[in-house]
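What follows is the content of data_10.pdb, which has PDB, C-alpha atoms, pLDDT in the B column:
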```pdb
ATOM      1  CA  MET L   1       7.351   6.470   9.677  1.00 94.00           C
ATOM      2  CA  ARG L   2      10.634   4.824  10.602  1.00 94.00           C
ATOM      3  CA  LYS L   3       9.450   4.469  14.213  1.00 95.00           C
ATOM      4  CA  ILE L   4       6.077   3.018  13.149  1.00 95.00           C
ATOM      5  CA  ASN L   5       7.824   0.584  10.804  1.00 94.00           C
ATOM      6  CA  ASN L   6      10.227  -0.466  13.549  1.00 96.00           C
ATOM      7  CA  ASP L   7       7.647  -0.656  16.355  1.00 96.00           C
ATOM      8  CA  PHE L   8       5.068  -2.675  14.449  1.00 93.00           C
ATOM      9  CA  LEU L   9       7.030  -4.557  11.786  1.00 92.00           C
ATOM     10  CA  GLY L  10      10.522  -4.773  13.280  1.00 94.00           C
ATOM     11  CA  ARG L  11      12.062  -2.932  10.326  1.00 94.00           C
ATOM     12  CA  ASP L  12      14.417  -0.139  11.321  1.00 95.00           C
ATOM     13  CA  TYR L  13      14.048   2.016   8.212  1.00 92.00           C
ATOM     14  CA  PRO L  14      11.506   4.463   6.819  1.00 90.00           C
ATOM     15  CA  THR L  15       8.967   3.347   4.271  1.00 93.00           C
ATOM     16  CA  ASN L  16       6.323   5.023   2.157  1.00 94.00           C
ATOM     17  CA  VAL L  17       3.167   3.143   3.213  1.00 97.00           C
ATOM     18  CA  ILE L  18       2.061   0.728   5.934  1.00 96.00           C
ATOM     19  CA  ALA L  19      -1.341  -0.942   6.195  1.00 96.00           C
ATOM     20  CA  PHE L  20      -2.797  -2.139   9.502  1.00 95.00           C
ATOM     21  CA  SER L  21      -5.575  -4.692   9.143  1.00 93.00           C
ATOM     22  CA  LEU L  22      -8.481  -4.497  11.570  1.00 92.00           C
ATOM     23  CA  THR L  23     -10.009  -7.735  10.288  1.00 91.00           C
ATOM     24  CA  GLU L  24      -7.309 -10.028  11.672  1.00 87.00           C
ATOM     25  CA  GLY L  25      -6.738 -11.436  15.120  1.00 84.00           C
ATOM     26  CA  ALA L  26      -8.977 -12.105  18.075  1.00 86.00           C
ATOM     27  CA  PHE L  27     -11.093  -8.984  17.602  1.00 86.00           C
ATOM     28  CA  GLY L  28     -11.087  -8.916  13.810  1.00 87.00           C
ATOM     29  CA  ASP L  29     -14.821  -9.468  13.609  1.00 88.00           C
ATOM     30  CA  ILE L  30     -15.877  -6.476  15.749  1.00 90.00           C
ATOM     31  CA  ASN L  31     -16.500  -4.208  12.766  1.00 90.00           C
ATOM     32  CA  PRO L  32     -16.288  -6.183   9.512  1.00 84.00           C
ATOM     33  CA  HIS L  33     -17.033  -3.049   7.467  1.00 88.00           C
ATOM     34  CA  VAL L  34     -13.718  -1.443   8.436  1.00 93.00           C
ATOM     35  CA  LEU L  35     -10.731  -3.046   6.731  1.00 95.00           C
ATOM     36  CA  GLY L  36      -8.051  -1.140   8.593  1.00 95.00           C
ATOM     37  CA  ASP L  37      -5.775   1.859   8.475  1.00 96.00           C
ATOM     38  CA  ILE L  38      -3.324   3.007   5.841  1.00 97.00           C
ATOM     39  CA  VAL L  39      -0.441   5.204   6.979  1.00 97.00           C
ATOM     40  CA  ILE L  40       1.399   7.141   4.263  1.00 97.00           C
ATOM     41  CA  SER L  41       4.622   9.085   4.681  1.00 96.00           C
ATOM     42  CA  VAL L  42       3.924  12.259   2.737  1.00 95.00           C
ATOM     43  CA  GLU L  43       7.603  13.217   2.886  1.00 94.00           C
ATOM     44  CA  THR L  44       8.684   9.907   1.366  1.00 94.00           C
ATOM     45  CA  ALA L  45       5.908  10.059  -1.224  1.00 95.00           C
ATOM     46  CA  LEU L  46       7.006  13.547  -2.276  1.00 96.00           C
ATOM     47  CA  ARG L  47      10.654  12.493  -2.522  1.00 95.00           C
ATOM     48  CA  ASP L  48       9.740   9.352  -4.510  1.00 95.00           C
ATOM     49  CA  ALA L  49       7.531  11.362  -6.880  1.00 97.00           C
ATOM     50  CA  GLN L  50      10.321  13.864  -7.498  1.00 97.00           C
ATOM     51  CA  GLU L  51      12.946  11.148  -8.004  1.00 97.00           C
ATOM     52  CA  ASN L  52      10.706   9.281 -10.462  1.00 95.00           C
ATOM     53  CA  GLU L  53       9.502  12.472 -12.146  1.00 97.00           C
ATOM     54  CA  ILE L  54       5.829  11.731 -11.597  1.00 94.00           C
ATOM     55  CA  HIS L  55       3.013  13.837 -10.223  1.00 95.00           C
ATOM     56  CA  PHE L  56       2.708  13.813  -6.451  1.00 97.00           C
ATOM     57  CA  ASP L  57      -1.028  13.021  -6.718  1.00 95.00           C
ATOM     58  CA  ASP L  58      -0.220   9.939  -8.797  1.00 95.00           C
ATOM     59  CA  GLU L  59       2.243   8.760  -6.161  1.00 96.00           C
ATOM     60  CA  LEU L  60      -0.377   9.217  -3.432  1.00 97.00           C
ATOM     61  CA  ASP L  61      -2.958   7.331  -5.535  1.00 96.00           C
ATOM     62  CA  PHE L  62      -0.485   4.490  -5.962  1.00 96.00           C
ATOM     63  CA  LEU L  63       0.268   4.329  -2.226  1.00 97.00           C
ATOM     64  CA  VAL L  64      -3.403   4.317  -1.217  1.00 97.00           C
ATOM     65  CA  ILE L  65      -4.070   1.529  -3.724  1.00 98.00           C
ATOM     66  CA  HIS L  66      -1.032  -0.393  -2.500  1.00 97.00           C
ATOM     67  CA  GLY L  67      -2.122  -0.102   1.130  1.00 97.00           C
ATOM     68  CA  LEU L  68      -5.686  -1.071   0.263  1.00 97.00           C
ATOM     69  CA  LEU L  69      -4.500  -4.167  -1.591  1.00 97.00           C
ATOM     70  CA  HIS L  70      -2.579  -5.201   1.525  1.00 96.00           C
ATOM     71  CA  LEU L  71      -5.796  -4.813   3.539  1.00 96.00           C
ATOM     72  CA  LEU L  72      -7.489  -7.061   0.978  1.00 95.00           C
ATOM     73  CA  ASP L  73      -4.839  -9.755   1.630  1.00 92.00           C
ATOM     74  CA  TYR L  74      -2.641  -9.136  -1.404  1.00 96.00           C
ATOM     75  CA  ASN L  75       1.038  -9.541  -0.656  1.00 93.00           C
ATOM     76  CA  HIS L  76       4.360  -8.895  -2.386  1.00 93.00           C
ATOM     77  CA  GLU L  77       6.746  -9.632   0.474  1.00 89.00           C
ATOM     78  CA  ASN L  78       7.823 -13.061   1.688  1.00 88.00           C
ATOM     79  CA  THR L  79       5.694 -14.742  -0.954  1.00 92.00           C
ATOM     80  CA  THR L  80       6.020 -16.265  -4.380  1.00 94.00           C
ATOM     81  CA  ALA L  81       6.929 -14.235  -7.446  1.00 94.00           C
ATOM     82  CA  GLU L  82       3.505 -15.154  -8.812  1.00 95.00           C
ATOM     83  CA  GLU L  83       1.704 -13.621  -5.824  1.00 95.00           C
ATOM     84  CA  ALA L  84       3.873 -10.503  -5.955  1.00 95.00           C
ATOM     85  CA  GLU L  85       3.120 -10.115  -9.670  1.00 96.00           C
ATOM     86  CA  LYS L  86      -0.598 -10.623  -8.996  1.00 97.00           C
ATOM     87  CA  MET L  87      -0.535  -7.719  -6.531  1.00 96.00           C
ATOM     88  CA  ASN L  88       1.508  -5.566  -8.896  1.00 96.00           C
ATOM     89  CA  CYS L  89      -0.859  -6.171 -11.823  1.00 96.00           C
ATOM     90  CA  LYS L  90      -3.944  -5.514  -9.682  1.00 97.00           C
ATOM     91  CA  GLY L  91      -2.432  -2.277  -8.407  1.00 96.00           C
ATOM     92  CA  GLN L  92      -1.607  -1.084 -11.916  1.00 95.00           C
ATOM     93  CA  ASP L  93      -5.064  -2.021 -13.179  1.00 95.00           C
ATOM     94  CA  ILE L  94      -6.805  -0.066 -10.406  1.00 96.00           C
ATOM     95  CA  PHE L  95      -4.446   2.901 -10.832  1.00 95.00           C
ATOM     96  CA  PHE L  96      -5.083   3.052 -14.584  1.00 94.00           C
ATOM     97  CA  GLN L  97      -8.851   2.776 -14.146  1.00 93.00           C
ATOM     98  CA  LEU L  98      -8.887   5.409 -11.395  1.00 92.00           C
ATOM     99  CA  ASN L  99      -6.982   7.853 -13.558  1.00 87.00           C
ATOM    100  CA  GLY L 100      -8.765   7.091 -16.838  1.00 86.00           C
ATOM    101  CA  PHE L 101      -5.735   5.600 -18.552  1.00 79.00           C
ATOM    102  CA  SER L 102      -6.135   2.990 -21.256  1.00 69.00           C
ATOM    103  CA  ILE L 103      -5.122  -0.551 -20.217  1.00 64.00           C
ATOM    104  CA  GLU L 104      -4.160  -1.728 -23.701  1.00 60.00           C
TER     105      GLU L 104
END
```

Please rewrite the model in this file as structure tokens.
Amino acid sequence: MRKINNDFLGRDYPTNVIAFSLTEGAFGDINPHVLGDIVISVETALRDAQENEIHFDDELDFLVIHGLLHLLDYNHENTTAEEAEKMNCKGQDIFFQLNGFSIE
């Protein structure tokens, strides 16, 4: 994951999830029904779940949602605090609905 992060995003460190949009750029309209790819580091997800004392499945759900939101043009990096909070709230809302948690 460190190599993927460095090769494609210029960040020389491992990360837990990276999303690659297939709807951007010169050929982004070839298959509009495919948003892109989400790459998850299972090792990092497992470590993060253990460190935060949460179920591994919940961590994977969160990472898939996070990657999907990036493919839907949500952003939390190099943006306003308002946009980052919008992505965070949307991610939590989807996670809670997916897992049947109350959003009260």

Quiz prompt | Selection near stretch 8-18 of chain L, 6 Å with all atoms listed in the file, sequence-local residues under 3 positions removed, as a list in words | solution = Met1, Arg2, Ile4, Asn5, Ile38, Val39, Ile40, Ser41 and Thr44 of chain L

Keeping C-alpha atoms, export the residues of the selection given above as a JSON list (two decimals), in the frame of the given file.
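selection-v6.json, freshly written:
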```
[["chain", "number", "residue", "atom", "x", "y", "z"],
["L", 1, "MET", "CA", 7.35, 6.47, 9.68],
["L", 2, "ARG", "CA", 10.63, 4.82, 10.60],
["L", 4, "ILE", "CA", 6.08, 3.02, 13.15],
["L", 5, "ASN", "CA", 7.82, 0.58, 10.80],
["L", 38, "ILE", "CA", -3.32, 3.01, 5.84],
["L", 39, "VAL", "CA", -0.44, 5.20, 6.98],
["L", 40, "ILE", "CA", 1.40, 7.14, 4.26],
["L", 41, "SER", "CA", 4.62, 9.09, 4.68],
["L", 44, "THR", "CA", 8.68, 9.91, 1.37]]
```

Quiz prompt | Computed interatomic separation between atom CA of L:Leu72 and atom CA of L:Asp93 (Å) | solution =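 If I compute the distance from atom CA of L:Leu72 to atom CA of L:Asp93, I get 15.2 Å.
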
Exercise. List the neighbours of stretch 77-90 of chain L out to 9 Å using all atoms listed in the file; skip same-chain residues closer than 6 positions along the sequence, and give me the result as a ChimeraX atom specification.
Key: /L:66,69-70

Practice problem: Between L:Gln50, L:Gly28, L:Phe95, L:Gly100, single out the one closest to L:Val64, counting only C-alpha atoms. | Solution: L:Phe95

Self-check item: Selection under test: the PyMOL selection byres ((chain L and resi 34) around 9); residues as a PyMOL selection string
Solution: chain L and resi 21-23+31-33+35-37

Exercise. Identify which of the residues L:Phe96, L:Arg47, L:Phe27, L:Asp73 lies closest to L:Asp61, counting only C-alpha atoms when measuring atom-to-atom distances.
Key: L:Phe96

Exercise. Go ahead and compute the interatomic distance for atom CA of L:Ala19 and atom CA of L:Gly67, in Å to one decimal.
Key: 5.2 Å

Quiz prompt | Pairwise distance for atom CA of L:Asn6 and atom CA of L:Leu46, rounded to one decimal in Å | solution =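 So the answer is 21.4 Å.
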